[in-house]
>>> print(open('data_18.csv').read())   # CSV, C-alpha atoms
chain,number,residue,atom,x,y,z
A,23,MET,CA,121.6,141.5,58.0
A,24,ILE,CA,119.4,142.1,61.0
A,25,GLU,CA,121.3,142.4,64.3
A,26,GLY,CA,119.5,141.8,67.5
A,27,LEU,CA,119.4,144.1,70.5
A,28,PHE,CA,120.1,141.2,72.7
A,29,THR,CA,122.3,138.2,72.2
A,30,ASN,CA,121.3,136.1,75.1
A,31,GLU,CA,121.8,132.4,74.7
A,32,ILE,CA,118.2,131.7,76.0
A,33,THR,CA,115.2,134.0,75.6
A,34,VAL,CA,111.9,133.5,77.4
A,35,LEU,CA,109.3,135.6,75.5
A,36,GLY,CA,105.9,136.3,76.9
A,37,ILE,CA,103.5,137.6,74.3
A,38,GLY,CA,99.9,138.8,74.3
A,39,ASN,CA,97.6,141.8,74.7
A,40,ILE,CA,97.3,142.6,78.4
A,41,ILE,CA,94.1,144.7,77.9
A,42,LEU,CA,92.1,141.7,76.6
A,43,SER,CA,92.0,139.7,79.9
A,44,ASP,CA,93.4,136.2,79.2
A,45,GLU,CA,95.0,137.3,75.9
A,46,GLY,CA,97.8,138.7,78.1
A,47,PHE,CA,98.6,135.4,79.7
A,48,GLY,CA,102.1,135.0,78.2
A,49,VAL,CA,103.1,138.5,79.5
A,50,ARG,CA,101.7,137.7,82.9
A,51,VAL,CA,103.7,134.4,83.1
A,52,VAL,CA,106.9,136.3,82.4
A,53,GLU,CA,106.0,138.8,85.1
A,54,TYR,CA,105.3,135.9,87.5
A,55,LEU,CA,108.7,134.4,86.7
A,56,GLN,CA,110.5,137.7,87.1
A,57,GLU,CA,108.9,138.4,90.5
A,58,ARG,CA,109.9,135.0,91.9
A,59,TYR,CA,113.2,134.1,90.4
A,60,ASN,CA,116.7,135.4,89.5
A,61,PHE,CA,117.9,134.3,86.2
A,62,PRO,CA,121.6,134.0,85.0
A,63,ASP,CA,122.9,136.6,82.7
A,64,ASN,CA,122.6,134.4,79.6
A,65,VAL,CA,118.8,134.3,80.0
A,66,ALA,CA,116.5,137.2,78.9
A,67,LEU,CA,112.9,137.4,80.0
A,68,ILE,CA,111.1,139.7,77.6
A,69,ASP,CA,107.6,141.1,77.6
A,70,GLY,CA,106.9,141.0,73.9
A,71,GLY,CA,103.3,142.3,74.2
A,72,THR,CA,101.8,142.4,70.7
A,73,LEU,CA,104.9,143.5,68.8
A,74,GLY,CA,104.7,141.0,66.0
A,75,VAL,CA,107.6,141.1,63.5
A,76,GLU,CA,109.3,143.8,65.6
A,77,LEU,CA,110.2,140.9,68.0
A,78,THR,CA,112.9,140.0,65.5
A,79,GLN,CA,115.3,142.5,67.2
A,80,PHE,CA,114.8,140.8,70.5
A,81,VAL,CA,115.4,137.2,69.4
A,82,THR,CA,118.0,137.5,66.7
A,83,GLY,CA,121.1,135.6,68.0
A,84,THR,CA,119.4,133.6,70.7
A,85,LYS,CA,120.1,129.9,70.6
A,86,LYS,CA,117.0,128.7,72.5
A,87,LEU,CA,113.6,130.5,72.5
A,88,LEU,CA,110.7,129.7,74.8
A,89,VAL,CA,107.5,131.5,73.8
A,90,ILE,CA,104.7,131.7,76.3
A,91,ASP,CA,101.3,132.7,75.0
A,92,SER,CA,97.5,132.5,75.3
A,93,ILE,CA,96.9,129.9,72.6
A,94,ASP,CA,93.7,129.5,70.6
A,95,GLY,CA,94.0,125.8,69.8
A,96,GLY,CA,90.2,125.3,69.5
A,97,LYS,CA,90.2,123.3,72.7
A,98,PRO,CA,88.2,123.7,75.9
A,99,ALA,CA,89.3,126.8,78.0
A,100,GLY,CA,92.3,126.0,80.2
A,101,THR,CA,93.7,123.3,77.9
A,102,LEU,CA,97.6,123.5,78.1
A,103,PHE,CA,99.7,123.5,75.0
A,104,HIS,CA,103.3,122.6,74.2
A,105,PHE,CA,104.6,122.9,70.6
A,106,GLU,CA,108.1,122.1,69.3
A,107,GLY,CA,109.6,121.9,65.8
A,108,ASP,CA,107.2,121.5,63.0
A,109,GLU,CA,104.2,121.6,65.4
A,110,ILE,CA,104.9,125.4,65.8
A,111,ARG,CA,104.6,126.2,62.1
A,112,ALA,CA,101.6,123.9,61.7
A,113,HIS,CA,99.7,125.6,64.6
A,114,PHE,CA,100.6,129.2,63.9
A,115,SER,CA,100.0,128.9,60.1
A,116,GLU,CA,96.3,128.7,60.8
A,117,LYS,CA,96.0,131.6,63.3
A,118,LEU,CA,94.9,135.1,62.6
A,119,SER,CA,95.8,137.2,65.8
A,120,ALA,CA,98.6,139.7,65.3
A,121,HIS,CA,101.0,138.2,67.7
A,122,GLU,CA,100.5,134.6,66.6
A,123,VAL,CA,101.1,135.5,62.9
A,124,GLY,CA,104.0,137.7,64.1
A,125,ILE,CA,105.8,134.8,65.8
A,126,GLN,CA,105.6,132.7,62.6
A,127,ASP,CA,106.9,135.7,60.6
A,128,VAL,CA,109.7,136.3,63.1
A,129,LEU,CA,110.9,132.7,62.9
A,130,THR,CA,110.6,132.8,59.1
A,131,MET,CA,112.5,136.1,58.8
A,132,LEU,CA,115.3,134.7,61.0
A,133,GLU,CA,115.6,131.6,58.7
A,134,LEU,CA,115.7,133.8,55.6
A,135,THR,CA,118.4,136.0,57.0
A,136,GLY,CA,120.5,132.9,57.9
A,137,LYS,CA,120.0,133.4,61.6
A,138,PRO,CA,117.4,130.9,62.7
A,139,VAL,CA,116.8,130.1,66.3
A,140,PRO,CA,118.1,126.5,66.7
A,141,GLU,CA,115.6,125.5,69.3
A,142,VAL,CA,112.1,126.9,69.8
A,143,ILE,CA,109.4,125.8,72.2
A,144,VAL,CA,105.9,127.4,72.6
A,145,ILE,CA,103.8,126.8,75.7
A,146,GLY,CA,100.5,128.3,76.8
A,147,ALA,CA,96.9,127.7,77.6
A,148,GLN,CA,93.5,128.1,75.8
A,149,PRO,CA,92.0,131.4,77.1
A,150,PHE,CA,88.7,131.5,79.1
A,151,SER,CA,87.9,135.0,78.0
A,152,LEU,CA,89.1,137.6,75.5
A,153,GLU,CA,86.9,140.4,76.8
A,154,ALA,CA,88.3,143.8,77.5
A,155,GLY,CA,90.0,144.0,80.9
A,156,VAL,CA,93.5,144.2,82.3
A,157,ASP,CA,93.2,141.2,84.7
A,158,LEU,CA,93.3,137.6,83.8
A,159,THR,CA,90.2,135.6,84.6
A,160,PRO,CA,90.4,133.7,88.0
A,161,GLN,CA,90.7,130.4,86.1
A,162,MET,CA,93.6,131.7,84.0
A,163,LYS,CA,95.3,133.1,87.1
A,164,GLU,CA,95.2,129.6,88.6
A,165,LEU,CA,97.2,128.4,85.5
A,166,LEU,CA,100.0,130.9,86.1
A,167,PRO,CA,102.0,128.6,88.5
A,168,THR,CA,101.4,125.6,86.2
A,169,ILE,CA,102.8,127.2,83.1
A,170,ALA,CA,105.6,128.9,85.1
A,171,ASN,CA,106.6,125.5,86.4
A,172,LYS,CA,106.5,124.1,82.8
A,173,ALA,CA,108.8,127.0,81.7
A,174,LEU,CA,111.1,126.2,84.6
A,175,GLU,CA,111.2,122.5,83.6
A,176,ILE,CA,112.1,123.5,80.0
A,177,LEU,CA,114.8,125.8,81.3
A,178,LYS,CA,116.2,123.1,83.5
A,179,PHE,CA,116.3,120.8,80.5
A,180,TRP,CA,118.4,123.6,78.9
A,181,ASN,CA,120.7,123.5,82.0
A,182,ILE,CA,119.3,126.7,83.5
A,183,SER,CA,118.4,126.8,87.2
A,184,PRO,CA,117.1,130.2,88.3
A,185,SER,CA,117.4,131.0,92.0
A,186,ALA,CA,114.9,132.5,94.4
A,187,PRO,CA,115.5,136.1,95.3
A,188,GLY,CA,118.3,136.3,97.9
A,189,ASP,CA,119.7,133.0,96.9
A,190,ASP,CA,123.2,133.3,95.4
A,191,ASN,CA,123.3,130.0,93.6
A,192,ILE,CA,122.7,131.1,90.0
>>> encode(input="data_18.csv", output="structure tokens")
Amino acid sequence: MIEGLFTNEITVLGIGNIILSDEGFGVRVVEYLQERYNFPDNVALIDGGTLGVELTQFVTGTKKLLVIDSIDGGKPAGTLFHFEGDEIRAHFSEKLSAHEVGIQDVLTMLELTGKPVPEVIVIGAQPFSLEAGVDLTPQMKELLPTIANKALEILKFWNISPSAPGDDNI
């Protein structure tokens, strides 16, 4: 059986290609959260980049997985997305980008090995641009706090309250 490198109860996984402007949104949201908050030891924030099925080693054993991504949902740029349960499989089954197919494959592999993640939520936003460039578009940058706050709401629902740097109330 596959054993994970991390056995955190909760994993926040940002995915995307940071050299394709808004494609790197999930990674940038995780960076945003890491810069502004301290998280308890049972929470891992991971920059998953474009690893695909290699992400299995980072999420095996986690009980709750929050995936943050730039999501092509065929909607107007800036549209926010929130998927849970069967919605995740339905959305990602139609996608062709390496990391989106990779997430579906990771979840399926974990099920097949008898180690499914009991609770998975995917959030993100429709990109404005997928052109080459290491910076998010200004419009996507404006969505960083919105999606970060959505992530914090989900974590709060999971009984996790990160603290601001310098605050000892983790």
>>> atom_distance(input="data_18.csv", atom1="atom CA of Leu129 of chain A", atom2="atom CA of Ala173 of chain A")
19.8 Å
>>> closest_residue(input="data_18.csv", among="A:Pro138, A:Leu67, A:Leu174, A:Leu42", to="Ala154 of chain A", atoms="only C-alpha atoms")
A:Leu42
>>> closest_residue(input="data_18.csv", among="A:Lys137, A:Arg58, A:Arg50, A:His113", to="Ile169 of chain A", atoms="all atoms listed in the file")
A:Arg50
>>> atom_distance(input="data_18.csv", atom1="atom CA of Lys97 of chain A", atom2="atom CA of Gly74 of chain A")
23.8 Å
>>> atom_distance(input="data_18.csv", atom1="atom CA of Ala170 of chain A", atom2="atom CA of Glu133 of chain A")
28.4 Å
>>> closest_residue(input="data_18.csv", among="A:Glu164, A:Ala186, A:Gly136, A:Ile93", to="Gly48 of chain A", atoms="only C-alpha atoms")
A:Ile93
>>> residues_near_point(input="data_18.csv", point="(113.8, 130.7, 72.4)", cutoff="9 Å", atoms="all atoms listed in the file", output="ChimeraX atom specification")
/A:31-35,81,84-89,139-144
>>> closest_residue(input="data_18.csv", among="A:Val52, A:Leu132, A:Val156, A:Ile40", to="Gly71 of chain A", atoms="all atoms listed in the file")
A:Ile40
>>> closest_residue(input="data_18.csv", among="A:Ile145, A:Ile37, A:Ile110, A:Ala99", to="Glu175 of chain A", atoms="only C-alpha atoms")
A:Ile145
>>> decode(input="data_18.csv", residues="segment 58-86 of chain A", atoms="C-alpha atoms", output="compact mmCIF listing (two decimals), in the first residue's frame")
# COMPACT_ATOMS: atom_id res chain seq x y z
CA ARG A 58 -0.84 35.83 6.82
CA TYR A 59 -1.67 33.01 9.22
CA ASN A 60 -0.18 30.40 11.51
CA PHE A 61 -1.85 27.01 11.28
CA PRO A 62 -2.00 24.28 13.92
CA ASP A 63 0.25 21.25 13.53
CA ASN A 64 -2.58 19.04 12.25
CA VAL A 65 -2.97 21.24 9.14
CA ALA A 66 -0.60 21.07 6.16
CA LEU A 67 -0.54 23.77 3.49
CA ILE A 68 1.04 22.34 0.35
CA ASP A 69 2.10 23.88 -2.95
CA GLY A 70 1.15 21.01 -5.23
CA GLY A 71 2.13 22.81 -8.43
CA THR A 72 1.40 20.52 -11.37
CA LEU A 73 2.47 17.24 -9.76
CA GLY A 74 -0.60 15.24 -10.81
CA VAL A 75 -0.67 11.67 -9.46
CA GLU A 76 2.52 12.34 -7.50
CA LEU A 77 0.28 14.30 -5.12
CA THR A 78 -0.86 10.95 -3.71
CA GLN A 79 2.13 10.89 -1.36
CA PHE A 80 1.09 14.25 0.10
CA VAL A 81 -2.58 13.49 0.73
CA THR A 82 -2.55 9.81 1.73
CA GLY A 83 -3.79 9.61 5.28
CA THR A 84 -5.40 13.05 5.42
CA LYS A 85 -8.99 13.10 6.68
CA LYS A 86 -10.05 16.39 5.09
